[in-house]
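One file, my_file.pdb, carrying PDB, C-alpha atoms:
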ATOM      1  CA  MET A   1    -126.118  63.260   8.636  1.00  0.00           C
ATOM      2  CA  LEU A   2    -125.842  67.001   7.951  1.00  0.00           C
ATOM      3  CA  THR A   3    -129.300  67.271   6.443  1.00  0.00           C
ATOM      4  CA  GLN A   4    -130.728  65.223   9.325  1.00  0.00           C
ATOM      5  CA  HIS A   5    -129.480  67.967  11.667  1.00  0.00           C
ATOM      6  CA  ASP A   6    -130.807  70.764   9.420  1.00  0.00           C
ATOM      7  CA  ILE A   7    -127.286  71.963   8.572  1.00  0.00           C
ATOM      8  CA  GLN A   8    -127.284  74.471   5.725  1.00  0.00           C
ATOM      9  CA  LEU A   9    -123.670  75.648   5.742  1.00  0.00           C
ATOM     10  CA  VAL A  10    -120.382  73.777   6.145  1.00  0.00           C
ATOM     11  CA  CYS A  11    -117.746  76.089   7.627  1.00  0.00           C
ATOM     12  CA  ASP A  12    -114.268  74.902   6.762  1.00  0.00           C
ATOM     13  CA  VAL A  13    -111.904  75.947   9.568  1.00  0.00           C
ATOM     14  CA  ARG A  14    -108.819  74.189   8.238  1.00  0.00           C
ATOM     15  CA  ALA A  15    -105.779  76.404   7.796  1.00  0.00           C
ATOM     16  CA  GLU A  16    -104.949  74.615   4.540  1.00  0.00           C
ATOM     17  CA  PRO A  17    -108.052  73.170   2.881  1.00  0.00           C
ATOM     18  CA  ARG A  18    -106.066  72.312  -0.228  1.00  0.00           C
ATOM     19  CA  ARG A  19    -104.371  69.441   1.630  1.00  0.00           C
ATOM     20  CA  ALA A  20    -105.258  66.046   0.264  1.00  0.00           C
ATOM     21  CA  TYR A  21    -107.638  63.876   2.228  1.00  0.00           C
ATOM     22  CA  ARG A  22    -107.333  60.232   1.248  1.00  0.00           C
ATOM     23  CA  GLY A  23    -105.646  61.284  -1.980  1.00  0.00           C
ATOM     24  CA  THR A  24    -108.301  63.828  -2.981  1.00  0.00           C
ATOM     25  CA  TYR A  25    -107.850  67.564  -2.752  1.00  0.00           C
ATOM     26  CA  THR A  26    -110.991  68.898  -1.122  1.00  0.00           C
ATOM     27  CA  PHE A  27    -110.723  72.607  -1.970  1.00  0.00           C
ATOM     28  CA  ASN A  28    -108.192  74.868  -3.645  1.00  0.00           C
ATOM     29  CA  PRO A  29    -108.485  78.386  -2.193  1.00  0.00           C
ATOM     30  CA  GLU A  30    -106.411  79.966  -4.984  1.00  0.00           C
ATOM     31  CA  LYS A  31    -108.840  78.697  -7.598  1.00  0.00           C
ATOM     32  CA  SER A  32    -111.937  78.748  -5.365  1.00  0.00           C
ATOM     33  CA  HIS A  33    -113.041  75.287  -6.389  1.00  0.00           C
ATOM     34  CA  GLY A  34    -112.687  71.641  -5.565  1.00  0.00           C
ATOM     35  CA  PRO A  35    -114.814  68.535  -5.125  1.00  0.00           C
ATOM     36  CA  LEU A  36    -115.982  69.343  -1.594  1.00  0.00           C
ATOM     37  CA  PRO A  37    -117.995  72.489  -2.436  1.00  0.00           C
ATOM     38  CA  ARG A  38    -119.474  70.731  -5.487  1.00  0.00           C
ATOM     39  CA  LEU A  39    -120.526  67.667  -3.497  1.00  0.00           C
ATOM     40  CA  LEU A  40    -122.052  69.798  -0.767  1.00  0.00           C
ATOM     41  CA  ALA A  41    -123.920  71.898  -3.331  1.00  0.00           C
ATOM     42  CA  GLN A  42    -125.340  68.714  -4.867  1.00  0.00           C
ATOM     43  CA  ALA A  43    -126.709  67.890  -1.407  1.00  0.00           C
ATOM     44  CA  GLY A  44    -128.190  71.386  -1.097  1.00  0.00           C
ATOM     45  CA  LEU A  45    -125.536  72.648   1.334  1.00  0.00           C
ATOM     46  CA  ASP A  46    -123.398  75.758   1.163  1.00  0.00           C
ATOM     47  CA  TYR A  47    -119.638  75.754   1.755  1.00  0.00           C
ATOM     48  CA  ARG A  48    -117.427  78.528   3.039  1.00  0.00           C
ATOM     49  CA  TRP A  49    -113.772  78.556   4.039  1.00  0.00           C
ATOM     50  CA  PHE A  50    -112.810  80.613   7.104  1.00  0.00           C
ATOM     51  CA  PRO A  51    -109.013  80.968   6.834  1.00  0.00           C
ATOM     52  CA  ALA A  52    -108.810  83.207   9.918  1.00  0.00           C
ATOM     53  CA  LEU A  53    -110.100  80.310  12.021  1.00  0.00           C
ATOM     54  CA  GLY A  54    -107.495  77.794  10.863  1.00  0.00           C
ATOM     55  CA  ASN A  55    -104.928  76.528  13.345  1.00  0.00           C
ATOM     56  CA  PRO A  56    -101.631  78.100  12.221  1.00  0.00           C
ATOM     57  CA  ASP A  57     -99.471  75.456  13.930  1.00  0.00           C
ATOM     58  CA  ARG A  58    -100.571  71.875  13.351  1.00  0.00           C
ATOM     59  CA  GLN A  59     -97.394  70.662  15.077  1.00  0.00           C
ATOM     60  CA  ASP A  60     -98.639  72.055  18.415  1.00  0.00           C
ATOM     61  CA  PRO A  61    -100.878  69.315  19.882  1.00  0.00           C
ATOM     62  CA  GLU A  62    -101.868  71.503  22.838  1.00  0.00           C
ATOM     63  CA  MET A  63    -102.830  74.305  20.431  1.00  0.00           C
ATOM     64  CA  HIS A  64    -101.055  76.986  22.481  1.00  0.00           C
ATOM     65  CA  ALA A  65    -100.435  79.188  19.445  1.00  0.00           C
ATOM     66  CA  PHE A  66    -104.098  79.073  18.425  1.00  0.00           C
ATOM     67  CA  GLN A  67    -105.238  79.746  21.999  1.00  0.00           C
ATOM     68  CA  ARG A  68    -102.978  82.828  22.194  1.00  0.00           C
ATOM     69  CA  LEU A  69    -104.175  84.017  18.813  1.00  0.00           C
ATOM     70  CA  MET A  70    -107.821  83.667  19.779  1.00  0.00           C
ATOM     71  CA  ALA A  71    -107.243  85.316  23.172  1.00  0.00           C
ATOM     72  CA  GLN A  72    -106.013  88.387  21.286  1.00  0.00           C
ATOM     73  CA  GLU A  73    -108.219  88.365  18.181  1.00  0.00           C
ATOM     74  CA  ALA A  74    -111.296  86.205  18.793  1.00  0.00           C
ATOM     75  CA  GLU A  75    -113.788  88.991  18.151  1.00  0.00           C
ATOM     76  CA  SER A  76    -112.458  89.880  14.698  1.00  0.00           C
ATOM     77  CA  ARG A  77    -111.674  86.285  13.694  1.00  0.00           C
ATOM     78  CA  LEU A  78    -115.128  85.014  14.671  1.00  0.00           C
ATOM     79  CA  GLN A  79    -117.127  87.902  13.205  1.00  0.00           C
ATOM     80  CA  PRO A  80    -117.488  86.414   9.681  1.00  0.00           C
ATOM     81  CA  LEU A  81    -118.640  83.098  11.165  1.00  0.00           C
ATOM     82  CA  ARG A  82    -121.085  84.824  13.484  1.00  0.00           C
ATOM     83  CA  ALA A  83    -122.502  86.803  10.542  1.00  0.00           C
ATOM     84  CA  CYS A  84    -123.151  83.551   8.636  1.00  0.00           C
ATOM     85  CA  LEU A  85    -124.857  82.019  11.647  1.00  0.00           C
ATOM     86  CA  GLN A  86    -127.429  84.818  11.613  1.00  0.00           C
ATOM     87  CA  ALA A  87    -128.963  83.274   8.487  1.00  0.00           C
ATOM     88  CA  GLN A  88    -127.912  79.626   8.399  1.00  0.00           C
ATOM     89  CA  ARG A  89    -127.493  76.657  10.694  1.00  0.00           C
ATOM     90  CA  ALA A  90    -123.897  75.529  10.298  1.00  0.00           C
ATOM     91  CA  CYS A  91    -121.283  72.981  11.228  1.00  0.00           C
ATOM     92  CA  LEU A  92    -117.515  73.310  11.523  1.00  0.00           C
ATOM     93  CA  LEU A  93    -115.272  71.151   9.373  1.00  0.00           C
ATOM     94  CA  CYS A  94    -111.675  70.215  10.142  1.00  0.00           C
ATOM     95  CA  ALA A  95    -109.468  67.226   9.394  1.00  0.00           C
ATOM     96  CA  GLU A  96    -109.250  66.113  13.039  1.00  0.00           C
ATOM     97  CA  GLN A  97    -112.001  63.651  13.848  1.00  0.00           C
ATOM     98  CA  ASP A  98    -111.926  64.109  17.644  1.00  0.00           C
ATOM     99  CA  ALA A  99    -113.282  67.556  18.545  1.00  0.00           C
ATOM    100  CA  GLN A 100    -111.486  67.467  21.902  1.00  0.00           C
ATOM    101  CA  ARG A 101    -108.111  67.190  20.148  1.00  0.00           C
ATOM    102  CA  CYS A 102    -108.973  69.809  17.542  1.00  0.00           C
ATOM    103  CA  HIS A 103    -108.884  73.590  17.496  1.00  0.00           C
ATOM    104  CA  ARG A 104    -112.655  73.437  16.869  1.00  0.00           C
ATOM    105  CA  ARG A 105    -112.876  72.940  20.643  1.00  0.00           C
ATOM    106  CA  ILE A 106    -111.411  76.420  21.173  1.00  0.00           C
ATOM    107  CA  ILE A 107    -113.673  77.967  18.527  1.00  0.00           C
ATOM    108  CA  THR A 108    -116.762  76.390  20.062  1.00  0.00           C
ATOM    109  CA  GLN A 109    -115.779  77.587  23.544  1.00  0.00           C
ATOM    110  CA  TYR A 110    -115.832  81.149  22.251  1.00  0.00           C
ATOM    111  CA  MET A 111    -119.076  80.578  20.352  1.00  0.00           C
ATOM    112  CA  THR A 112    -120.698  79.178  23.507  1.00  0.00           C
ATOM    113  CA  ALA A 113    -119.515  82.241  25.412  1.00  0.00           C
ATOM    114  CA  TYR A 114    -121.231  84.382  22.744  1.00  0.00           C
ATOM    115  CA  GLY A 115    -124.472  82.510  23.449  1.00  0.00           C
ATOM    116  CA  TYR A 116    -124.492  79.993  20.602  1.00  0.00           C
ATOM    117  CA  VAL A 117    -125.625  76.437  21.217  1.00  0.00           C
ATOM    118  CA  VAL A 118    -122.975  73.952  20.141  1.00  0.00           C
ATOM    119  CA  GLN A 119    -123.695  70.311  19.391  1.00  0.00           C
ATOM    120  CA  HIS A 120    -121.014  67.853  18.307  1.00  0.00           C
ATOM    121  CA  LEU A 121    -122.271  65.638  15.497  1.00  0.00           C
TER     122      LEU A 121
END

Can the structure in the file be given as structure tokens, please?
Amino acid sequence: MLTQHDIQLVCDVRAEPRRAYRGTYTFNPEKSHGPLPRLLAQAGLDYRWFPALGNPDRQDPEMHAFQRLMAQEAESRLQPLRACLQAQRACLLCAEQDAQRCHRRIITQYMTAYGYVVQHL
């Protein structure tokens, strides 16, 4: 699906990408490796983790903490992502399947305000 939408970069916005997904650890930030970056590379896709865009409080279903954080620091937290988007078409990756219940919704609201076109895949 990613290649069908001309995605070149997968932007991991999970606060803790080392968490297991279905029993498999997807990425270990301390060691900078894991099966997810390898699998994406095999498909010709780049992977990058954006720790500053992770939701610090997964126990907050309304994402109030993340909303406050972004209201104060959106510019600096989004700058690395915006720099990547200058050169590559990207998608955001998180563990939550429903974008409306995920902090990706907040990130994409800011990106839309900056003039980026957002499409949910």

What are the nearest atom pairs, with distances in Å to one decimal, for all residues of stretch 53-94 of chain A that come at most 8 Å from stretch 101-104 of chain A, using only C-alpha atoms, set out by chain and rising residue number as a tab-separated table?
residue	atom	partner	partner_atom	distance
A:Gly54	CA	A:His103	CA	8.0
A:Asn55	CA	A:His103	CA	6.4
A:Pro61	CA	A:Arg101	CA	7.5
A:Met63	CA	A:His103	CA	6.8
A:Phe66	CA	A:His103	CA	7.3
A:Leu92	CA	A:Arg104	CA	7.2
A:Cys94	CA	A:Arg104	CA	7.5

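Atom to atom, atom CA of A:Met1 and atom CA of A:Ala74 stand 29.1 Å apart.
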
* To do: Give the answer as one residue: which of A:Leu81, A:Ile7, A:Ala43, A:Leu93 has the shortest atom-to-atom distance to A:Met111, using all atoms listed in the file?
  => A:Leu81

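When atom CA of A:Pro35 is paired with atom CA of A:Ser76, their separation reads 29.2 Å.
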
* To do: Pick out the residues sitting within 10 Å of A:Arg89, and hand them over as number ranges by chain; count all atoms listed in the file, and ignore anything fewer than 2 positions along from it in its own chain.
  => A: 5-10, 84-87, 91

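Of the residues under consideration (A:Arg82, A:Pro17, A:Asp12, A:Ala65), A:Asp12 shows the shortest atom-to-atom contact distance to A:Arg48 when counting only C-alpha atoms.
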
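Atom CA of A:Leu53 is found 6.4 Å from atom CA of A:Arg77.
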
Check which residues satisfy the PyMOL selection byres ((chain A and resi 114) around 12) in the file shown, then give them as an mmCIF file with C-alpha atoms, in the frame of the given file.
data_model
loop_
_atom_site.group_PDB
_atom_site.id
_atom_site.type_symbol
_atom_site.label_atom_id
_atom_site.label_comp_id
_atom_site.auth_asym_id
_atom_site.auth_seq_id
_atom_site.Cartn_x
_atom_site.Cartn_y
_atom_site.Cartn_z
ATOM 1 C CA ALA A 74 -111.296 86.205 18.793
ATOM 2 C CA GLU A 75 -113.788 88.991 18.151
ATOM 3 C CA LEU A 78 -115.128 85.014 14.671
ATOM 4 C CA GLN A 79 -117.127 87.902 13.205
ATOM 5 C CA LEU A 81 -118.640 83.098 11.165
ATOM 6 C CA ARG A 82 -121.085 84.824 13.484
ATOM 7 C CA LEU A 85 -124.857 82.019 11.647
ATOM 8 C CA ILE A 107 -113.673 77.967 18.527
ATOM 9 C CA THR A 108 -116.762 76.390 20.062
ATOM 10 C CA GLN A 109 -115.779 77.587 23.544
ATOM 11 C CA TYR A 110 -115.832 81.149 22.251
ATOM 12 C CA MET A 111 -119.076 80.578 20.352
ATOM 13 C CA THR A 112 -120.698 79.178 23.507
ATOM 14 C CA ALA A 113 -119.515 82.241 25.412
ATOM 15 C CA GLY A 115 -124.472 82.510 23.449
ATOM 16 C CA TYR A 116 -124.492 79.993 20.602
ATOM 17 C CA VAL A 117 -125.625 76.437 21.217
ATOM 18 C CA VAL A 118 -122.975 73.952 20.141
#

Rebuild N, CA and C atoms on stretch 94-118 of chain A, as a compact mmCIF listing (two decimals), keeping the file's coordinate frame?
# COMPACT_ATOMS: atom_id res chain seq x y z
N CYS A 94 -113.13 70.26 10.04
CA CYS A 94 -111.68 70.22 10.14
C CYS A 94 -111.24 68.78 9.85
N ALA A 95 -109.97 68.57 9.70
CA ALA A 95 -109.47 67.23 9.39
C ALA A 95 -109.43 66.32 10.62
N GLU A 96 -109.33 66.90 11.81
CA GLU A 96 -109.25 66.11 13.04
C GLU A 96 -110.63 65.58 13.39
N GLN A 97 -110.72 64.29 13.56
CA GLN A 97 -112.00 63.65 13.85
C GLN A 97 -112.48 63.94 15.27
N ASP A 98 -111.58 63.92 16.24
CA ASP A 98 -111.93 64.11 17.64
C ASP A 98 -111.96 65.60 17.99
N ALA A 99 -113.14 66.12 18.25
CA ALA A 99 -113.28 67.56 18.55
C ALA A 99 -112.48 67.99 19.77
N GLN A 100 -112.24 67.10 20.70
CA GLN A 100 -111.49 67.47 21.90
C GLN A 100 -109.99 67.62 21.62
N ARG A 101 -109.52 67.06 20.53
CA ARG A 101 -108.11 67.19 20.15
C ARG A 101 -107.94 68.18 19.00
N CYS A 102 -108.97 68.91 18.69
CA CYS A 102 -108.97 69.81 17.54
C CYS A 102 -109.17 71.26 17.99
N HIS A 103 -108.69 72.17 17.18
CA HIS A 103 -108.88 73.59 17.50
C HIS A 103 -110.35 74.01 17.41
N ARG A 104 -111.21 73.16 16.84
CA ARG A 104 -112.66 73.44 16.87
C ARG A 104 -113.14 73.58 18.31
N ARG A 105 -112.50 72.86 19.22
CA ARG A 105 -112.88 72.94 20.64
C ARG A 105 -112.72 74.38 21.14
N ILE A 106 -111.66 75.04 20.75
CA ILE A 106 -111.41 76.42 21.17
C ILE A 106 -112.43 77.35 20.51
N ILE A 107 -112.68 77.14 19.24
CA ILE A 107 -113.67 77.97 18.53
C ILE A 107 -115.04 77.83 19.19
N THR A 108 -115.43 76.59 19.48
CA THR A 108 -116.76 76.39 20.06
C THR A 108 -116.85 76.93 21.49
N GLN A 109 -115.76 76.96 22.21
CA GLN A 109 -115.78 77.59 23.54
C GLN A 109 -116.11 79.07 23.43
N TYR A 110 -115.52 79.73 22.46
CA TYR A 110 -115.83 81.15 22.25
C TYR A 110 -117.27 81.32 21.78
N MET A 111 -117.71 80.46 20.86
CA MET A 111 -119.08 80.58 20.35
C MET A 111 -120.10 80.35 21.47
N THR A 112 -119.82 79.41 22.36
CA THR A 112 -120.70 79.18 23.51
C THR A 112 -120.73 80.41 24.40
N ALA A 113 -119.58 81.02 24.60
CA ALA A 113 -119.52 82.24 25.41
C ALA A 113 -120.33 83.38 24.78
N TYR A 114 -120.42 83.38 23.45
CA TYR A 114 -121.23 84.38 22.74
C TYR A 114 -122.72 84.03 22.75
N GLY A 115 -123.07 82.88 23.32
CA GLY A 115 -124.47 82.51 23.45
C GLY A 115 -124.98 81.51 22.42
N TYR A 116 -124.09 80.99 21.58
CA TYR A 116 -124.49 79.99 20.60
C TYR A 116 -124.59 78.62 21.24
N VAL A 117 -125.50 77.81 20.75
CA VAL A 117 -125.62 76.44 21.22
C VAL A 117 -124.77 75.58 20.31
N VAL A 118 -123.89 74.80 20.90
CA VAL A 118 -122.98 73.95 20.14
C VAL A 118 -123.32 72.49 20.39
